[in-house]
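First up is the structure itself, then whatever we jot down about it.
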Amino acid sequence: MALLEKFKATATKIEQLCAGGRDPTQVVIDHIISPTEGTVEGRHTILAGTNNYLGLTFDPACIEAGRKAIEEQGTGTTGSRMANGSFATHTALERELADFFQMPYGMVFSTGYAANLGTLTALLKPGDTVLLDADAHASLYDGCQMSGADVFRFRHNDVSSLEKRLQRLGDRTKDCLVITEGLYSVIGDCAPLVEIVELKNRYGAYLMVDEAHSLGVYGERGCGVAEVQGVMDEVDFIVGTFSKSLGAMGGFCVSPHAELELVRYVSRPFIFTASSSPSIIASTREALRQIKARPELRETLWRNANHLYEGLKNQGFEVGPEISPVVAVRLGKKEVALPFWNRLLESGVYTNLMMPPASPDRHSYIRCSVSAAHSEQQVESVINAFANLKDQQ
Ligand code: PMP
């Protein structure tokens, strides 16, 4: 195929996507007002699809920490940690993350995507075996694929499917890596980690859990789904991101295994990219402090999550299997979901449109993410916007 020929198919797909009036992948928030409000196309809009679970992007202490870091350390690091050195704050954040998860080792990456690529490509080599939840995030798939390991998918959150895969592997189960997420970000369901841990122990495997959407959200200390299910001690690698509840950008891996320290020497997505700028590290450190010091943020988040989930359910919408800060409404066909998403935006509510192949079970969803910063009134407005559109259908 000619080099540029392949874009024709992409252009056709985009045309179909724009059938509802606008391109859902290219929404511009012209003006950000707060963690939960902005203006889109000149309209005041409630942001209900940001993953800003604790609303910390506008937290005064986080902003002040970022501002101070820029003034004192400059706007960027201008290089990678291996070639150009780490700032003391990178290593401080690594220590703080490891302590937070009560694990001895921690490593920081420039994005959550790079954390998954960087950890997986270092851990896995051709000939190794991975068992990956079928609905795992693209960064987990990409990391496995780049490593050259043999990847077997098990059905999403299905422990018997995982066990069948383990049984079929025979001797290869020992040393194989099982990968799941904590909270899954499309329909807001949690992994059954207790059962998965039981299997990984029985078969002598290792376990990696991506807590990108669950950090700061689940558990008494806010560590995530492994904490709330009481199995944090049993997880070999916890990965996550700074771009959701921590309100910044970056990623991490923590582990009880000393070998994580050697990942630094062999992980190309760690070595060959610039380290996070000082302001990002500083605001992330402050956000982590807030997660520890302000459990009331989580309480408000869950109150809002309950409110939105129950409110949409009571309006007759088909919501996800459990209450979580990710509230997804299943609308079935994309011919229904696409105009629905457009009308929601026109009524001043920004949500995420999830369509196949990015959504599970070949259905289309309107995905909302709730924030501790949403007011009760804002949650009510989101419910009303959905309800009004239902009446018009
Ligand atoms: N893991 C999961 C489960 C995610 O949902 C995401 C981002 N949506 C990432 C990793 C990547 O994180 P980042 O956007 O910070 O690179």
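Residue numbering restarts at 1 for every chain of the structure tokens, chains are lettered A, B, ... in their displayed order, and ligands are numbered from 1 as they appear.
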Counting only C-alpha atoms and all ligand atoms, which residues in chain A sit no more than 7 Å from ligand 1? For each one, give the nearest pair of atoms and the distance in Å, sorted by chain then residue number, as a tab-separated table.
```
residue	atom	partner	partner_atom_place_in_ligand_line	distance
A:Thr111	CA	ligand 1	16 (O)	4.3
A:Gly112	CA	ligand 1	12 (O)	3.5
A:Tyr113	CA	ligand 1	16 (O)	3.7
A:Ala114	CA	ligand 1	16 (O)	6.5
A:Asn116	CA	ligand 1	10 (C)	6.8
A:Ala136	CA	ligand 1	3 (C)	6.9
A:His137	CA	ligand 1	3 (C)	4.9
A:Ser139	CA	ligand 1	10 (C)	5.8
A:Glu181	CA	ligand 1	3 (C)	6.2
A:Tyr184	CA	ligand 1	3 (C)	6.8
A:Ser185	CA	ligand 1	5 (O)	5.9
A:Asp210	CA	ligand 1	3 (C)	5.8
A:Glu211	CA	ligand 1	3 (C)	6.7
A:Ala212	CA	ligand 1	3 (C)	4.9
A:His213	CA	ligand 1	5 (O)	6.3
A:Gly240	CA	ligand 1	1 (N)	6.3
A:Thr241	CA	ligand 1	15 (O)	4.6
A:Phe242	CA	ligand 1	15 (O)	6.0
A:Ser243	CA	ligand 1	15 (O)	4.7
A:Met249	CA	ligand 1	15 (O)	5.7
A:Gly250	CA	ligand 1	15 (O)	5.5
A:Gly251	CA	ligand 1	15 (O)	6.0
```
task: Please give the complete set of residues from stretch 26-230 of chain A that DSSP, run on the backbone, assigns to alpha helix (DSSP H), formatted as number ranges by chain.
output: A: 60-73, 81-84, 88-100, 112-123, 138-147, 159-169, 193-203, 225-228
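The space between atom CA of A:Ser364 and atom CA of A:Glu335 spans 9.0 Å.
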12 Å contact set for A:Phe340, only C-alpha atoms, chain neighbours under 6 positions out, as number ranges by chain: A: 19-21, 24, 329-334, 346-347, 349-354, 364-367, 385-393
Long-range neighbours of A:Phe252 as a PDB file with N, CA and C atoms, in the first residue's frame, 12 Å cut-off, only C-alpha atoms, 2 positions minimum in chain:
```pdb
ATOM      1  N   HIS A  90      12.567  13.782  41.978  1.00  0.00           N
ATOM      2  CA  HIS A  90      12.148  12.519  41.348  1.00  0.00           C
ATOM      3  C   HIS A  90      12.357  11.355  42.312  1.00  0.00           C
ATOM      4  N   THR A  91      13.529  11.344  42.932  1.00  0.00           N
ATOM      5  CA  THR A  91      13.810  10.222  43.835  1.00  0.00           C
ATOM      6  C   THR A  91      12.964  10.329  45.109  1.00  0.00           C
ATOM      7  N   LEU A  93       9.890  11.478  45.238  1.00  0.00           N
ATOM      8  CA  LEU A  93       8.555  10.966  44.895  1.00  0.00           C
ATOM      9  C   LEU A  93       8.573   9.433  44.811  1.00  0.00           C
ATOM     10  N   GLU A  94       9.653   8.883  44.302  1.00  0.00           N
ATOM     11  CA  GLU A  94       9.745   7.412  44.242  1.00  0.00           C
ATOM     12  C   GLU A  94       9.672   6.810  45.644  1.00  0.00           C
ATOM     13  N   ARG A  95      10.377   7.428  46.574  1.00  0.00           N
ATOM     14  CA  ARG A  95      10.369   6.958  47.966  1.00  0.00           C
ATOM     15  C   ARG A  95       8.951   7.084  48.556  1.00  0.00           C
ATOM     16  N   GLU A  96       8.327   8.246  48.285  1.00  0.00           N
ATOM     17  CA  GLU A  96       7.001   8.505  48.860  1.00  0.00           C
ATOM     18  C   GLU A  96       5.950   7.540  48.297  1.00  0.00           C
ATOM     19  N   LEU A  97       6.066   7.227  47.011  1.00  0.00           N
ATOM     20  CA  LEU A  97       5.109   6.278  46.429  1.00  0.00           C
ATOM     21  C   LEU A  97       5.309   4.880  47.009  1.00  0.00           C
ATOM     22  N   ALA A  98       6.569   4.473  47.123  1.00  0.00           N
ATOM     23  CA  ALA A  98       6.857   3.146  47.693  1.00  0.00           C
ATOM     24  C   ALA A  98       6.315   3.079  49.121  1.00  0.00           C
ATOM     25  N   PHE A 101       2.476   2.776  49.280  1.00  0.00           N
ATOM     26  CA  PHE A 101       1.976   1.422  49.002  1.00  0.00           C
ATOM     27  C   PHE A 101       2.583   0.380  49.948  1.00  0.00           C
ATOM     28  N   TYR A 105      10.212  -0.829  46.962  1.00  0.00           N
ATOM     29  CA  TYR A 105      10.797  -0.255  45.749  1.00  0.00           C
ATOM     30  C   TYR A 105       9.763   0.509  44.937  1.00  0.00           C
ATOM     31  N   GLY A 106      10.204   1.634  44.371  1.00  0.00           N
ATOM     32  CA  GLY A 106       9.300   2.441  43.555  1.00  0.00           C
ATOM     33  C   GLY A 106      10.066   3.116  42.435  1.00  0.00           C
ATOM     34  N   MET A 107       9.391   3.271  41.327  1.00  0.00           N
ATOM     35  CA  MET A 107      10.025   3.889  40.161  1.00  0.00           C
ATOM     36  C   MET A 107       9.015   4.794  39.473  1.00  0.00           C
ATOM     37  N   VAL A 108       9.485   5.959  39.038  1.00  0.00           N
ATOM     38  CA  VAL A 108       8.596   6.935  38.401  1.00  0.00           C
ATOM     39  C   VAL A 108       8.915   7.022  36.908  1.00  0.00           C
ATOM     40  N   PHE A 109       7.879   7.111  36.093  1.00  0.00           N
ATOM     41  CA  PHE A 109       8.016   7.236  34.634  1.00  0.00           C
ATOM     42  C   PHE A 109       7.353   8.546  34.186  1.00  0.00           C
ATOM     43  N   SER A 110       7.588   8.905  32.921  1.00  0.00           N
ATOM     44  CA  SER A 110       7.076  10.210  32.459  1.00  0.00           C
ATOM     45  C   SER A 110       5.579  10.216  32.165  1.00  0.00           C
ATOM     46  N   THR A 111       4.999   9.069  31.872  1.00  0.00           N
ATOM     47  CA  THR A 111       3.531   8.949  31.739  1.00  0.00           C
ATOM     48  C   THR A 111       3.109   7.580  32.275  1.00  0.00           C
ATOM     49  N   GLY A 112       1.805   7.411  32.439  1.00  0.00           N
ATOM     50  CA  GLY A 112       1.289   6.097  32.835  1.00  0.00           C
ATOM     51  C   GLY A 112       1.507   5.085  31.711  1.00  0.00           C
ATOM     52  N   TYR A 113       1.376   5.565  30.494  1.00  0.00           N
ATOM     53  CA  TYR A 113       1.598   4.695  29.335  1.00  0.00           C
ATOM     54  C   TYR A 113       3.041   4.176  29.351  1.00  0.00           C
ATOM     55  N   ALA A 114       3.975   5.108  29.600  1.00  0.00           N
ATOM     56  CA  ALA A 114       5.392   4.718  29.643  1.00  0.00           C
ATOM     57  C   ALA A 114       5.678   3.788  30.823  1.00  0.00           C
ATOM     58  N   ALA A 115       4.944   3.958  31.925  1.00  0.00           N
ATOM     59  CA  ALA A 115       5.147   3.073  33.086  1.00  0.00           C
ATOM     60  C   ALA A 115       4.821   1.634  32.705  1.00  0.00           C
ATOM     61  N   ASN A 116       3.727   1.448  31.966  1.00  0.00           N
ATOM     62  CA  ASN A 116       3.357   0.090  31.577  1.00  0.00           C
ATOM     63  C   ASN A 116       4.302  -0.469  30.518  1.00  0.00           C
ATOM     64  N   LEU A 117       4.598   0.340  29.526  1.00  0.00           N
ATOM     65  CA  LEU A 117       5.554  -0.104  28.505  1.00  0.00           C
ATOM     66  C   LEU A 117       6.906  -0.407  29.145  1.00  0.00           C
ATOM     67  N   GLY A 118       7.336   0.505  29.995  1.00  0.00           N
ATOM     68  CA  GLY A 118       8.676   0.406  30.574  1.00  0.00           C
ATOM     69  C   GLY A 118       8.826  -0.772  31.509  1.00  0.00           C
ATOM     70  N   THR A 119       7.791  -1.034  32.312  1.00  0.00           N
ATOM     71  CA  THR A 119       7.871  -2.161  33.248  1.00  0.00           C
ATOM     72  C   THR A 119       7.772  -3.483  32.485  1.00  0.00           C
ATOM     73  N   VAL A 209      -0.933  -5.416  38.853  1.00  0.00           N
ATOM     74  CA  VAL A 209      -2.243  -4.760  38.869  1.00  0.00           C
ATOM     75  C   VAL A 209      -2.062  -3.293  38.497  1.00  0.00           C
ATOM     76  N   ASP A 210      -2.829  -2.851  37.502  1.00  0.00           N
ATOM     77  CA  ASP A 210      -2.802  -1.442  37.097  1.00  0.00           C
ATOM     78  C   ASP A 210      -3.916  -0.714  37.854  1.00  0.00           C
ATOM     79  N   GLU A 211      -3.493   0.149  38.781  1.00  0.00           N
ATOM     80  CA  GLU A 211      -4.467   0.868  39.626  1.00  0.00           C
ATOM     81  C   GLU A 211      -4.674   2.307  39.124  1.00  0.00           C
ATOM     82  N   ALA A 212      -4.506   2.513  37.803  1.00  0.00           N
ATOM     83  CA  ALA A 212      -4.609   3.871  37.230  1.00  0.00           C
ATOM     84  C   ALA A 212      -5.876   4.588  37.697  1.00  0.00           C
ATOM     85  N   LEU A 215      -6.362   4.396  42.237  1.00  0.00           N
ATOM     86  CA  LEU A 215      -5.528   5.122  43.199  1.00  0.00           C
ATOM     87  C   LEU A 215      -6.269   6.372  43.695  1.00  0.00           C
ATOM     88  N   PHE A 237       3.591  -6.365  41.308  1.00  0.00           N
ATOM     89  CA  PHE A 237       3.864  -5.062  40.708  1.00  0.00           C
ATOM     90  C   PHE A 237       2.557  -4.274  40.665  1.00  0.00           C
ATOM     91  N   ILE A 238       2.560  -3.098  41.296  1.00  0.00           N
ATOM     92  CA  ILE A 238       1.416  -2.189  41.142  1.00  0.00           C
ATOM     93  C   ILE A 238       1.888  -1.046  40.254  1.00  0.00           C
ATOM     94  N   VAL A 239       1.141  -0.816  39.163  1.00  0.00           N
ATOM     95  CA  VAL A 239       1.456   0.316  38.284  1.00  0.00           C
ATOM     96  C   VAL A 239       0.291   1.291  38.324  1.00  0.00           C
ATOM     97  N   GLY A 240       0.578   2.522  37.928  1.00  0.00           N
ATOM     98  CA  GLY A 240      -0.493   3.517  37.932  1.00  0.00           C
ATOM     99  C   GLY A 240      -0.029   4.800  37.291  1.00  0.00           C
ATOM    100  N   THR A 241      -0.882   5.796  37.379  1.00  0.00           N
ATOM    101  CA  THR A 241      -0.631   7.056  36.685  1.00  0.00           C
ATOM    102  C   THR A 241      -0.821   8.244  37.616  1.00  0.00           C
ATOM    103  N   PHE A 242      -0.206   9.365  37.259  1.00  0.00           N
ATOM    104  CA  PHE A 242      -0.439  10.619  37.994  1.00  0.00           C
ATOM    105  C   PHE A 242      -1.547  11.425  37.328  1.00  0.00           C
ATOM    106  N   SER A 243      -2.087  10.902  36.203  1.00  0.00           N
ATOM    107  CA  SER A 243      -2.950  11.750  35.374  1.00  0.00           C
ATOM    108  C   SER A 243      -4.435  11.666  35.729  1.00  0.00           C
ATOM    109  N   LEU A 246      -4.373  12.088  40.871  1.00  0.00           N
ATOM    110  CA  LEU A 246      -3.264  12.959  41.288  1.00  0.00           C
ATOM    111  C   LEU A 246      -3.212  14.252  40.479  1.00  0.00           C
ATOM    112  N   MET A 249       0.576  14.414  35.512  1.00  0.00           N
ATOM    113  CA  MET A 249       0.944  13.564  34.376  1.00  0.00           C
ATOM    114  C   MET A 249       2.194  12.780  34.760  1.00  0.00           C
ATOM    115  N   GLY A 250       2.194  11.497  34.473  1.00  0.00           N
ATOM    116  CA  GLY A 250       3.336  10.666  34.858  1.00  0.00           C
ATOM    117  C   GLY A 250       2.828   9.297  35.259  1.00  0.00           C
ATOM    118  N   VAL A 254       5.456   0.203  41.668  1.00  0.00           N
ATOM    119  CA  VAL A 254       6.014  -0.148  42.978  1.00  0.00           C
ATOM    120  C   VAL A 254       5.991  -1.658  43.120  1.00  0.00           C
ATOM    121  N   SER A 255       6.923  -2.171  43.926  1.00  0.00           N
ATOM    122  CA  SER A 255       7.049  -3.630  43.994  1.00  0.00           C
ATOM    123  C   SER A 255       7.794  -4.046  45.250  1.00  0.00           C
ATOM    124  N   LEU A 260      13.151  -4.411  40.709  1.00  0.00           N
ATOM    125  CA  LEU A 260      12.588  -3.187  40.111  1.00  0.00           C
ATOM    126  C   LEU A 260      13.685  -2.123  39.952  1.00  0.00           C
ATOM    127  N   ARG A 264      15.424   0.148  35.823  1.00  0.00           N
ATOM    128  CA  ARG A 264      15.963   1.446  35.377  1.00  0.00           C
ATOM    129  C   ARG A 264      17.044   1.301  34.312  1.00  0.00           C
ATOM    130  N   PHE A 270      11.854   4.172  29.796  1.00  0.00           N
ATOM    131  CA  PHE A 270      12.354   4.975  30.920  1.00  0.00           C
ATOM    132  C   PHE A 270      13.621   5.718  30.507  1.00  0.00           C
ATOM    133  N   SER A 276      10.038  13.814  34.031  1.00  0.00           N
ATOM    134  CA  SER A 276       8.951  14.771  34.280  1.00  0.00           C
ATOM    135  C   SER A 276       9.497  16.098  34.772  1.00  0.00           C
ATOM    136  N   ILE A 281       6.255  16.958  39.156  1.00  0.00           N
ATOM    137  CA  ILE A 281       6.660  16.144  40.312  1.00  0.00           C
ATOM    138  C   ILE A 281       6.173  16.809  41.607  1.00  0.00           C
ATOM    139  N   THR A 284       2.375  16.537  42.020  1.00  0.00           N
ATOM    140  CA  THR A 284       2.030  15.135  42.296  1.00  0.00           C
ATOM    141  C   THR A 284       2.351  14.762  43.744  1.00  0.00           C
TER     142      THR A 284
END
```
Tell me which protein, DNA and RNA residues are within 7 Å of stretch 295-298 of chain A, counting only C-alpha atoms, leaving out same-chain ones fewer than 5 positions away, and put them as an mmCIF file with C-alpha atoms, in the first residue's frame.
```
data_model
loop_
_atom_site.group_PDB
_atom_site.id
_atom_site.type_symbol
_atom_site.label_atom_id
_atom_site.label_comp_id
_atom_site.auth_asym_id
_atom_site.auth_seq_id
_atom_site.Cartn_x
_atom_site.Cartn_y
_atom_site.Cartn_z
ATOM 1 C CA LEU A 54 -10.541 14.018 43.525
ATOM 2 C CA VAL A 217 -10.428 6.187 45.027
ATOM 3 C CA ALA A 372 -15.217 14.818 44.516
#
```
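Residue nearest A:Gly143, chosen from A:Thr36, A:Ser267, A:Gln73, A:Ser275 and counting only C-alpha atoms: A:Ser267.
Minimum atom-to-atom distance to A:Leu345, evaluated using only C-alpha atoms, belongs to A:Val40 out of A:Ile14, A:Val40, A:Val28, A:Ala305.
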field: Residue list (strand (DSSP E or B), DSSP) for stretch 1-242 of chain A, as a ChimeraX atom specification
entry: /A:31-34,37-40,43-47,105-109,129-133,150-154,177-181,183,190,206-210,237-241
